[in-house]
>>> print(open('data_28.cif').read())   # mmCIF, C-alpha atoms and all ligand atoms
data_my_file
#
loop_
_atom_site.group_PDB
_atom_site.id
_atom_site.type_symbol
_atom_site.label_atom_id
_atom_site.label_comp_id
_atom_site.auth_asym_id
_atom_site.auth_seq_id
_atom_site.Cartn_x
_atom_site.Cartn_y
_atom_site.Cartn_z
ATOM 1 C CA MET A 1 -46.539 8.422 20.783
ATOM 2 C CA LYS A 2 -47.798 5.152 19.299
ATOM 3 C CA ILE A 3 -50.923 3.403 20.574
ATOM 4 C CA GLU A 4 -51.504 -0.366 20.731
ATOM 5 C CA VAL A 5 -53.673 -1.974 18.049
ATOM 6 C CA GLU A 6 -55.507 -5.286 18.565
ATOM 7 C CA SER A 7 -53.577 -8.052 16.798
ATOM 8 C CA SER A 8 -56.651 -8.970 14.725
ATOM 9 C CA ARG A 9 -56.586 -5.402 13.364
ATOM 10 C CA TYR A 10 -52.911 -5.483 12.311
ATOM 11 C CA PRO A 11 -53.615 -5.934 8.530
ATOM 12 C CA SER A 12 -55.068 -2.412 8.468
ATOM 13 C CA LEU A 13 -51.627 -1.054 9.348
ATOM 14 C CA ALA A 14 -50.356 -2.463 6.031
ATOM 15 C CA ASN A 15 -52.994 -0.495 4.119
ATOM 16 C CA PRO A 16 -53.604 1.032 1.687
ATOM 17 C CA LYS A 17 -53.465 -2.144 -0.404
ATOM 18 C CA MET A 18 -54.369 -2.391 -4.047
ATOM 19 C CA CYS A 19 -57.553 -4.357 -4.719
ATOM 20 C CA VAL A 20 -57.746 -6.925 -7.503
ATOM 21 C CA ILE A 21 -60.730 -8.943 -8.663
ATOM 22 C CA LEU A 22 -60.032 -12.647 -9.105
ATOM 23 C CA THR A 23 -62.247 -14.458 -11.587
ATOM 24 C CA CYS A 24 -62.552 -18.225 -11.509
ATOM 25 C CA GLY A 25 -64.729 -21.081 -12.724
ATOM 26 C CA LYS A 26 -67.753 -20.295 -14.907
ATOM 27 C CA THR A 27 -67.635 -17.523 -13.567
ATOM 28 C CA ASN A 28 -67.287 -16.021 -10.098
ATOM 29 C CA ALA A 29 -65.512 -12.831 -9.055
ATOM 30 C CA ILE A 30 -63.958 -12.082 -5.655
ATOM 31 C CA THR A 31 -62.193 -8.939 -4.475
ATOM 32 C CA LEU A 32 -58.786 -9.465 -2.871
ATOM 33 C CA ALA A 33 -56.460 -7.033 -1.144
ATOM 34 C CA TRP A 34 -54.060 -9.703 0.107
ATOM 35 C CA HIS A 35 -52.011 -10.546 -2.976
ATOM 36 C CA THR A 36 -48.413 -10.219 -4.159
ATOM 37 C CA PRO A 37 -45.897 -10.983 -6.926
ATOM 38 C CA ILE A 38 -43.588 -13.785 -5.701
ATOM 39 C CA SER A 39 -41.152 -14.764 -8.472
ATOM 40 C CA ARG A 40 -40.139 -13.689 -11.987
ATOM 41 C CA LYS A 41 -38.705 -17.068 -13.130
ATOM 42 C CA PRO A 42 -41.038 -18.824 -13.083
ATOM 43 C CA PRO A 43 -43.569 -15.973 -12.987
ATOM 44 C CA LEU A 44 -45.502 -16.601 -9.759
ATOM 45 C CA TYR A 45 -48.231 -14.535 -8.081
ATOM 46 C CA GLY A 46 -49.744 -15.260 -4.662
ATOM 47 C CA VAL A 47 -53.275 -14.650 -3.392
ATOM 48 C CA SER A 48 -54.471 -15.251 0.150
ATOM 49 C CA VAL A 49 -58.030 -16.608 0.240
ATOM 50 C CA SER A 50 -60.143 -17.646 3.216
ATOM 51 C CA PRO A 51 -61.724 -21.133 3.027
ATOM 52 C CA ARG A 52 -65.013 -19.397 3.866
ATOM 53 C CA ARG A 53 -65.129 -17.824 0.392
ATOM 54 C CA PHE A 54 -67.166 -19.530 -2.333
ATOM 55 C CA SER A 55 -64.221 -18.860 -4.659
ATOM 56 C CA TYR A 56 -61.910 -20.965 -2.470
ATOM 57 C CA GLY A 57 -63.510 -24.265 -3.553
ATOM 58 C CA ILE A 58 -63.618 -23.150 -7.197
ATOM 59 C CA ILE A 59 -59.886 -22.324 -7.255
ATOM 60 C CA ARG A 60 -59.027 -25.703 -5.706
ATOM 61 C CA GLU A 61 -61.253 -27.551 -8.157
ATOM 62 C CA GLU A 62 -60.441 -25.676 -11.371
ATOM 63 C CA LYS A 63 -56.746 -25.106 -10.553
ATOM 64 C CA GLU A 64 -56.677 -21.802 -12.411
ATOM 65 C CA PHE A 65 -57.795 -18.196 -12.005
ATOM 66 C CA ALA A 66 -57.430 -14.742 -13.550
ATOM 67 C CA LEU A 67 -56.393 -11.591 -11.686
ATOM 68 C CA ASN A 68 -58.082 -8.457 -12.975
ATOM 69 C CA PHE A 69 -56.704 -4.982 -12.208
ATOM 70 C CA VAL A 70 -59.350 -2.281 -12.492
ATOM 71 C CA SER A 71 -59.148 1.483 -12.218
ATOM 72 C CA PHE A 72 -60.801 3.645 -9.586
ATOM 73 C CA ASP A 73 -63.706 4.279 -11.996
ATOM 74 C CA TYR A 74 -64.767 0.736 -11.060
ATOM 75 C CA TRP A 75 -64.579 0.995 -7.266
ATOM 76 C CA GLU A 76 -68.248 -0.053 -7.034
ATOM 77 C CA MET A 77 -67.419 -3.282 -8.906
ATOM 78 C CA VAL A 78 -64.592 -3.931 -6.436
ATOM 79 C CA HIS A 79 -66.858 -3.222 -3.478
ATOM 80 C CA TYR A 80 -69.683 -5.395 -4.790
ATOM 81 C CA CYS A 81 -67.439 -8.394 -5.469
ATOM 82 C CA GLY A 82 -65.970 -7.998 -1.978
ATOM 83 C CA THR A 83 -69.282 -7.823 -0.141
ATOM 84 C CA HIS A 84 -71.464 -10.403 -1.924
ATOM 85 C CA SER A 85 -70.933 -14.134 -2.347
ATOM 86 C CA GLY A 86 -71.262 -16.129 -5.523
ATOM 87 C CA LYS A 87 -72.730 -18.863 -3.337
ATOM 88 C CA LYS A 88 -75.954 -16.853 -3.193
ATOM 89 C CA GLU A 89 -76.073 -14.954 -6.478
ATOM 90 C CA ASP A 90 -74.572 -14.471 -9.901
ATOM 91 C CA LYS A 91 -72.361 -11.477 -9.155
ATOM 92 C CA ILE A 92 -71.286 -10.860 -12.715
ATOM 93 C CA ALA A 93 -74.418 -9.075 -13.892
ATOM 94 C CA LYS A 94 -75.063 -7.334 -10.565
ATOM 95 C CA ALA A 95 -71.525 -5.914 -10.464
ATOM 96 C CA ASN A 96 -71.828 -4.717 -14.102
ATOM 97 C CA ILE A 97 -68.953 -6.956 -15.170
ATOM 98 C CA SER A 98 -68.473 -7.667 -18.881
ATOM 99 C CA LEU A 99 -66.648 -10.935 -19.356
ATOM 100 C CA GLU A 100 -64.204 -11.870 -22.071
ATOM 101 C CA GLY A 101 -62.462 -15.199 -22.590
ATOM 102 C CA CYS A 102 -58.897 -15.652 -21.388
ATOM 103 C CA LYS A 103 -56.361 -16.904 -23.935
ATOM 104 C CA ALA A 104 -54.179 -19.149 -21.757
ATOM 105 C CA ILE A 105 -56.749 -20.579 -19.338
ATOM 106 C CA GLY A 106 -60.381 -21.679 -19.470
ATOM 107 C CA THR A 107 -61.984 -19.091 -17.202
ATOM 108 C CA ASP A 108 -63.060 -15.560 -18.162
ATOM 109 C CA SER A 109 -61.502 -12.209 -17.341
ATOM 110 C CA ILE A 110 -63.088 -8.781 -16.828
ATOM 111 C CA ALA A 111 -63.243 -6.716 -20.016
ATOM 112 C CA GLN A 112 -63.180 -3.425 -18.046
ATOM 113 C CA ALA A 113 -59.845 -4.355 -16.383
ATOM 114 C CA TYR A 114 -56.762 -2.446 -17.567
ATOM 115 C CA ALA A 115 -54.551 -5.486 -16.913
ATOM 116 C CA VAL A 116 -55.015 -9.212 -16.442
ATOM 117 C CA LEU A 117 -52.844 -12.092 -15.238
ATOM 118 C CA GLU A 118 -54.000 -15.520 -16.398
ATOM 119 C CA CYS A 119 -52.744 -18.094 -13.905
ATOM 120 C CA THR A 120 -52.682 -21.841 -13.392
ATOM 121 C CA LEU A 121 -52.422 -23.153 -9.845
ATOM 122 C CA TYR A 122 -48.749 -23.781 -9.065
ATOM 123 C CA ASP A 123 -48.969 -24.457 -5.330
ATOM 124 C CA GLU A 124 -51.133 -23.884 -2.302
ATOM 125 C CA LYS A 125 -50.429 -23.710 1.397
ATOM 126 C CA LYS A 126 -52.797 -23.335 4.315
ATOM 127 C CA LEU A 127 -51.380 -20.594 6.525
ATOM 128 C CA GLY A 128 -53.496 -19.821 9.587
ATOM 129 C CA ASP A 129 -57.046 -18.940 8.644
ATOM 130 C CA HIS A 130 -56.261 -18.270 4.946
ATOM 131 C CA THR A 131 -54.737 -20.332 2.141
ATOM 132 C CA LEU A 132 -51.981 -18.923 -0.022
ATOM 133 C CA PHE A 133 -52.723 -19.928 -3.608
ATOM 134 C CA VAL A 134 -49.705 -19.461 -5.841
ATOM 135 C CA GLY A 135 -50.511 -18.964 -9.505
ATOM 136 C CA GLU A 136 -48.091 -19.371 -12.389
ATOM 137 C CA VAL A 137 -48.711 -16.482 -14.768
ATOM 138 C CA LYS A 138 -49.325 -18.034 -18.183
ATOM 139 C CA ARG A 139 -50.321 -14.759 -19.829
ATOM 140 C CA ALA A 140 -50.061 -11.124 -18.738
ATOM 141 C CA ALA A 141 -51.846 -8.433 -20.755
ATOM 142 C CA VAL A 142 -52.347 -4.687 -20.343
ATOM 143 C CA ASP A 143 -54.178 -1.883 -22.141
ATOM 144 C CA ASN A 144 -51.802 -0.588 -24.794
ATOM 145 C CA ASP A 145 -52.282 3.103 -23.977
ATOM 146 C CA LEU A 146 -51.532 2.591 -20.265
ATOM 147 C CA TRP A 147 -48.161 0.871 -20.773
ATOM 148 C CA ASP A 148 -44.890 2.562 -21.780
ATOM 149 C CA GLY A 149 -43.046 -0.732 -22.302
ATOM 150 C CA ARG A 150 -41.641 -0.939 -18.753
ATOM 151 C CA LYS A 151 -44.264 0.484 -16.466
ATOM 152 C CA LEU A 152 -47.859 1.606 -16.199
ATOM 153 C CA LYS A 153 -48.666 5.224 -17.000
ATOM 154 C CA GLY A 154 -51.575 7.287 -15.755
ATOM 155 C CA VAL A 155 -53.236 4.401 -13.920
ATOM 156 C CA LYS A 156 -55.395 5.101 -10.878
ATOM 157 C CA PRO A 157 -55.997 1.744 -9.202
ATOM 158 C CA VAL A 158 -58.444 1.024 -6.368
ATOM 159 C CA TYR A 159 -56.792 0.836 -2.947
ATOM 160 C CA GLN A 160 -58.415 -0.390 0.243
ATOM 161 C CA LEU A 161 -57.715 2.069 3.059
ATOM 162 C CA GLY A 162 -59.969 0.511 5.707
ATOM 163 C CA SER A 163 -62.647 -2.146 5.727
ATOM 164 C CA TYR A 164 -65.005 -0.320 3.340
ATOM 165 C CA THR A 165 -62.954 2.767 2.484
ATOM 166 C CA TYR A 166 -61.212 3.129 -0.866
ATOM 167 C CA ILE A 167 -58.700 5.633 -2.193
ATOM 168 C CA THR A 168 -56.578 6.036 -5.295
ATOM 169 C CA THR A 169 -53.273 7.567 -6.361
ATOM 170 C CA ASP A 170 -52.684 11.088 -7.602
ATOM 171 C CA SER A 171 -50.211 11.574 -10.450
ATOM 172 C CA SER A 172 -49.185 14.964 -8.991
ATOM 173 C CA SER A 173 -47.316 12.967 -6.298
ATOM 174 C CA GLU A 174 -45.183 11.026 -8.829
ATOM 175 C CA ILE A 175 -41.417 11.599 -8.465
ATOM 176 C CA TYR A 176 -38.605 10.848 -10.920
ATOM 177 C CA PRO A 177 -35.372 10.699 -8.860
HETATM 178 C C1 LIG B 201 -61.603 -4.471 -0.204
HETATM 179 C C2 LIG B 201 -61.763 -5.942 0.123
HETATM 180 C C3 LIG B 201 -60.654 -6.773 0.130
HETATM 181 C C4 LIG B 201 -60.792 -8.145 0.402
HETATM 182 N N1 LIG B 201 -59.684 -8.943 0.393
HETATM 183 C C5 LIG B 201 -59.822 -10.279 0.637
HETATM 184 C C6 LIG B 201 -58.667 -11.132 0.597
HETATM 185 O O1 LIG B 201 -57.553 -10.719 0.303
HETATM 186 N N2 LIG B 201 -58.866 -12.470 0.855
HETATM 187 C C7 LIG B 201 -60.106 -12.991 1.144
HETATM 188 O O2 LIG B 201 -60.233 -14.211 1.378
HETATM 189 N N3 LIG B 201 -61.215 -12.193 1.173
HETATM 190 C C8 LIG B 201 -61.093 -10.858 0.921
HETATM 191 N N4 LIG B 201 -62.196 -10.056 0.941
HETATM 192 C C9 LIG B 201 -63.520 -10.638 1.211
HETATM 193 C C10 LIG B 201 -64.161 -11.287 -0.043
HETATM 194 O O3 LIG B 201 -63.964 -10.492 -1.201
HETATM 195 C C11 LIG B 201 -65.681 -11.447 0.200
HETATM 196 O O4 LIG B 201 -65.892 -12.274 1.329
HETATM 197 C C12 LIG B 201 -66.436 -11.960 -1.015
HETATM 198 O O5 LIG B 201 -67.808 -11.694 -0.821
HETATM 199 C C13 LIG B 201 -66.256 -13.448 -1.244
HETATM 200 O O6 LIG B 201 -66.905 -13.804 -2.429
HETATM 201 P P1 LIG B 201 -67.206 -15.329 -2.815
HETATM 202 O O7 LIG B 201 -67.907 -15.962 -1.628
HETATM 203 O O8 LIG B 201 -68.098 -15.233 -4.024
HETATM 204 O O9 LIG B 201 -65.911 -16.002 -3.110
HETATM 205 C C14 LIG B 201 -62.082 -8.687 0.689
HETATM 206 C C15 LIG B 201 -63.198 -7.828 0.692
HETATM 207 C C16 LIG B 201 -63.042 -6.479 0.412
HETATM 208 C C17 LIG B 201 -64.253 -5.574 0.427
#
>>> encode(input="data_28.cif", output="structure tokens")
Amino acid sequence: MKIEVESSRYPSLANPKMCVILTCGKTNAITLAWHTPISRKPPLYGVSVSPRRFSYGIIREEKEFALNFVSFDYWEMVHYCGTHSGKKEDKIAKANISLEGCKAIGTDSIAQAYAVLECTLYDEKKLGDHTLFVGEVKRAAVDNDLWDGRKLKGVKPVYQLGSYTYITTDSSSEIYP
């Protein structure tokens, strides 16, 4: 038997969703669970950001951002960047983020991330109470020892299960059909 869920709670039924940390400007960091690859040619990646976020204005102004994929070891970084606003504080130091310069865009990325997508703003569309920012991936980079040439290996990303509940993957559940 299924039970009804309030429509405002529906996103939780799509969980768990992988969390990424978007860096923008000089320099803010925001956790996002609503994000997706969109196209290979050109390489496009979409992020859904509420206009209430401090990062929203920075993305619109700077027209570029970096997406940082971090492992479960850094769940506290993910949680901090998702529960504090850059409007009120410099999150970078408080979240123990080490920055490093991007190569294709002007903003910084997170040195602890195992992968980064450096994006310029390709398009944006207001959809309901969020805006879908579409980034064109100008550079994608990954830690050498976590990449077998086609796919990631041994990565344990941070997934959001509920509002403030995080889980990760377990390699014992990998299958090779
Ligand atoms: C796990 C998690 C996922 C989140 N995903 C999103 C998201 O996809 N889009 C969004 O606009 N806010 C999302 N948030 C909320 C922002 O990360 C949060 O409001 C943050 O403090 C905004 O930072 P800023 O004001 O410095 O931009 C998420 C928060 C958490 C904890």
>>> closest_residue(input="data_28.cif", among="A:Leu121, A:Ala111, A:Leu44, A:Ile38", to="Glu61 of chain A", atoms="all atoms listed in the file")
A:Leu121
>>> closest_residue(input="data_28.cif", among="A:Asp145, A:Glu89, A:Glu136, A:Glu6", to="Leu117 of chain A", atoms="all atoms listed in the file")
A:Glu136
>>> closest_residue(input="data_28.cif", among="A:Gly57, A:Gly135, A:Gly46, A:Gly106", to="Cys119 of chain A", atoms="only C-alpha atoms")
A:Gly135
>>> atom_distance(input="data_28.cif", atom1="atom CA of Val78 of chain A", atom2="atom CA of Val134 of chain A")
21.5 Å
>>> residues_around(input="data_28.cif", residues="Ala14 of chain A", least_positions_apart="2", cutoff="12 Å", atoms="all atoms listed in the file", output="short mmCIF file (atom, residue, chain, number, x, y, z; two decimals) with C-alpha atoms, in the coordinates of the input")
data_model
loop_
_atom_site.label_atom_id
_atom_site.label_comp_id
_atom_site.auth_asym_id
_atom_site.auth_seq_id
_atom_site.Cartn_x
_atom_site.Cartn_y
_atom_site.Cartn_z
CA ARG A 9 -56.59 -5.40 13.36
CA TYR A 10 -52.91 -5.48 12.31
CA PRO A 11 -53.62 -5.93 8.53
CA SER A 12 -55.07 -2.41 8.47
CA PRO A 16 -53.60 1.03 1.69
CA LYS A 17 -53.46 -2.14 -0.40
CA MET A 18 -54.37 -2.39 -4.05
CA ALA A 33 -56.46 -7.03 -1.14
CA TRP A 34 -54.06 -9.70 0.11
CA TYR A 159 -56.79 0.84 -2.95
CA GLN A 160 -58.42 -0.39 0.24
CA LEU A 161 -57.72 2.07 3.06
CA GLY A 162 -59.97 0.51 5.71
#
>>> residues_near_ligand(input="data_28.cif", ligand="ligand LIG 201 (chain B)", cutoff="8 Å", atoms="all atoms listed in the file", output="CSV table (one decimal) with C-alpha atoms, keeping the file's coordinate frame")
chain,number,residue,atom,x,y,z
A,19,CYS,CA,-57.6,-4.4,-4.7
A,28,ASN,CA,-67.3,-16.0,-10.1
A,29,ALA,CA,-65.5,-12.8,-9.1
A,30,ILE,CA,-64.0,-12.1,-5.7
A,31,THR,CA,-62.2,-8.9,-4.5
A,32,LEU,CA,-58.8,-9.5,-2.9
A,33,ALA,CA,-56.5,-7.0,-1.1
A,34,TRP,CA,-54.1,-9.7,0.1
A,35,HIS,CA,-52.0,-10.5,-3.0
A,47,VAL,CA,-53.3,-14.6,-3.4
A,48,SER,CA,-54.5,-15.3,0.2
A,49,VAL,CA,-58.0,-16.6,0.2
A,50,SER,CA,-60.1,-17.6,3.2
A,51,PRO,CA,-61.7,-21.1,3.0
A,52,ARG,CA,-65.0,-19.4,3.9
A,53,ARG,CA,-65.1,-17.8,0.4
A,54,PHE,CA,-67.2,-19.5,-2.3
A,55,SER,CA,-64.2,-18.9,-4.7
A,56,TYR,CA,-61.9,-21.0,-2.5
A,78,VAL,CA,-64.6,-3.9,-6.4
A,79,HIS,CA,-66.9,-3.2,-3.5
A,80,TYR,CA,-69.7,-5.4,-4.8
A,81,CYS,CA,-67.4,-8.4,-5.5
A,82,GLY,CA,-66.0,-8.0,-2.0
A,83,THR,CA,-69.3,-7.8,-0.1
A,84,HIS,CA,-71.5,-10.4,-1.9
A,85,SER,CA,-70.9,-14.1,-2.3
A,86,GLY,CA,-71.3,-16.1,-5.5
A,87,LYS,CA,-72.7,-18.9,-3.3
A,91,LYS,CA,-72.4,-11.5,-9.2
A,130,HIS,CA,-56.3,-18.3,4.9
A,159,TYR,CA,-56.8,0.8,-2.9
A,160,GLN,CA,-58.4,-0.4,0.2
A,162,GLY,CA,-60.0,0.5,5.7
A,163,SER,CA,-62.6,-2.1,5.7
A,164,TYR,CA,-65.0,-0.3,3.3
A,165,THR,CA,-63.0,2.8,2.5
A,166,TYR,CA,-61.2,3.1,-0.9
>>> atom_distance(input="data_28.cif", atom1="atom CA of Ala93 of chain A", atom2="atom CA of Val158 of chain A")
20.3 Å
>>> atom_distance(input="data_28.cif", atom1="atom CA of Ala66 of chain A", atom2="atom CA of Thr23 of chain A")
5.2 Å
>>> resolve_selection(input="data_28.cif", expression="the PyMOL selection byres (((chain A and resi 74) around 10) and not hetatm)", output="PDB file with C-alpha atoms, in the coordinates of the input")
ATOM      1  CA  PHE A  69     -56.704  -4.982 -12.208  1.00  0.00           C
ATOM      2  CA  VAL A  70     -59.350  -2.281 -12.492  1.00  0.00           C
ATOM      3  CA  SER A  71     -59.148   1.483 -12.218  1.00  0.00           C
ATOM      4  CA  PHE A  72     -60.801   3.645  -9.586  1.00  0.00           C
ATOM      5  CA  ASP A  73     -63.706   4.279 -11.996  1.00  0.00           C
ATOM      6  CA  TRP A  75     -64.579   0.995  -7.266  1.00  0.00           C
ATOM      7  CA  GLU A  76     -68.248  -0.053  -7.034  1.00  0.00           C
ATOM      8  CA  MET A  77     -67.419  -3.282  -8.906  1.00  0.00           C
ATOM      9  CA  VAL A  78     -64.592  -3.931  -6.436  1.00  0.00           C
ATOM     10  CA  HIS A  79     -66.858  -3.222  -3.478  1.00  0.00           C
ATOM     11  CA  ALA A  95     -71.525  -5.914 -10.464  1.00  0.00           C
ATOM     12  CA  ASN A  96     -71.828  -4.717 -14.102  1.00  0.00           C
ATOM     13  CA  ILE A  97     -68.953  -6.956 -15.170  1.00  0.00           C
ATOM     14  CA  GLN A 112     -63.180  -3.425 -18.046  1.00  0.00           C
ATOM     15  CA  ALA A 113     -59.845  -4.355 -16.383  1.00  0.00           C
ATOM     16  CA  PRO A 157     -55.997   1.744  -9.202  1.00  0.00           C
ATOM     17  CA  VAL A 158     -58.444   1.024  -6.368  1.00  0.00           C
TER      18      VAL A 158
END
>>> residues_near_point(input="data_28.cif", point="(-54.3, -23.7, -23.3)", cutoff="12 Å", atoms="all atoms listed in the file", output="PyMOL selection string")
chain A and resi 64+101-107+118-120+138-139
>>> closest_residue(input="data_28.cif", among="A:Asp90, A:Met1, A:Arg60, A:Ser173", to="Asp123 of chain A", atoms="all atoms listed in the file")
A:Arg60
>>> residues_around(input="data_28.cif", residues="Val116 of chain A", least_positions_apart="3", cutoff="6 Å", atoms="only C-alpha atoms", output="list of chain:residue names")
A:Leu67, A:Asn68, A:Ala140, A:Ala141
>>> residues_around(input="data_28.cif", residues="Asp170 of chain A", least_positions_apart="3", cutoff="10 Å", atoms="all atoms listed in the file", output="MDAnalysis selection string")
chainID A and resid 154:156 167 173:174
>>> axis_aligned_box(input="data_28.cif", around="segment 169-172 of chain A", padding_each_side="3 Å", output="JSON")
{"center_x": -51.2, "center_y": 11.3, "center_z": -8.4, "size_x": 10.1, "size_y": 13.4, "size_z": 10.1}
>>> build_atoms(input="data_28.cif", residues="segment 112-123 of chain A", atoms="N, CA and C atoms", output="PDB file, in the coordinates of the input")
ATOM      1  N   GLN A 112     -63.473  -4.797 -18.492  1.00  0.00           N
ATOM      2  CA  GLN A 112     -63.180  -3.425 -18.046  1.00  0.00           C
ATOM      3  C   GLN A 112     -61.803  -3.298 -17.386  1.00  0.00           C
ATOM      4  N   ALA A 113     -61.145  -4.419 -17.066  1.00  0.00           N
ATOM      5  CA  ALA A 113     -59.845  -4.355 -16.383  1.00  0.00           C
ATOM      6  C   ALA A 113     -58.790  -3.765 -17.311  1.00  0.00           C
ATOM      7  N   TYR A 114     -57.839  -2.983 -16.732  1.00  0.00           N
ATOM      8  CA  TYR A 114     -56.762  -2.446 -17.567  1.00  0.00           C
ATOM      9  C   TYR A 114     -55.618  -3.442 -17.702  1.00  0.00           C
ATOM     10  N   ALA A 115     -55.590  -4.454 -16.816  1.00  0.00           N
ATOM     11  CA  ALA A 115     -54.551  -5.486 -16.913  1.00  0.00           C
ATOM     12  C   ALA A 115     -55.099  -6.799 -16.378  1.00  0.00           C
ATOM     13  N   VAL A 116     -54.570  -7.891 -16.906  1.00  0.00           N
ATOM     14  CA  VAL A 116     -55.015  -9.212 -16.442  1.00  0.00           C
ATOM     15  C   VAL A 116     -53.827 -10.160 -16.389  1.00  0.00           C
ATOM     16  N   LEU A 117     -53.821 -11.008 -15.355  1.00  0.00           N
ATOM     17  CA  LEU A 117     -52.844 -12.092 -15.238  1.00  0.00           C
ATOM     18  C   LEU A 117     -53.624 -13.398 -15.288  1.00  0.00           C
ATOM     19  N   GLU A 118     -53.321 -14.231 -16.267  1.00  0.00           N
ATOM     20  CA  GLU A 118     -54.000 -15.520 -16.398  1.00  0.00           C
ATOM     21  C   GLU A 118     -53.099 -16.577 -15.760  1.00  0.00           C
ATOM     22  N   CYS A 119     -53.600 -17.230 -14.739  1.00  0.00           N
ATOM     23  CA  CYS A 119     -52.744 -18.094 -13.905  1.00  0.00           C
ATOM     24  C   CYS A 119     -53.270 -19.523 -13.817  1.00  0.00           C
ATOM     25  N   THR A 120     -52.341 -20.475 -13.777  1.00  0.00           N
ATOM     26  CA  THR A 120     -52.682 -21.841 -13.392  1.00  0.00           C
ATOM     27  C   THR A 120     -52.142 -22.062 -11.983  1.00  0.00           C
ATOM     28  N   LEU A 121     -52.800 -22.946 -11.244  1.00  0.00           N
ATOM     29  CA  LEU A 121     -52.422 -23.153  -9.845  1.00  0.00           C
ATOM     30  C   LEU A 121     -51.084 -23.891  -9.778  1.00  0.00           C
ATOM     31  N   TYR A 122     -50.118 -23.259  -9.148  1.00  0.00           N
ATOM     32  CA  TYR A 122     -48.749 -23.781  -9.065  1.00  0.00           C
ATOM     33  C   TYR A 122     -48.536 -24.473  -7.718  1.00  0.00           C
ATOM     34  N   ASP A 123     -49.149 -23.905  -6.681  1.00  0.00           N
ATOM     35  CA  ASP A 123     -48.969 -24.457  -5.330  1.00  0.00           C
ATOM     36  C   ASP A 123     -50.035 -23.849  -4.428  1.00  0.00           C
TER      37      ASP A 123
END
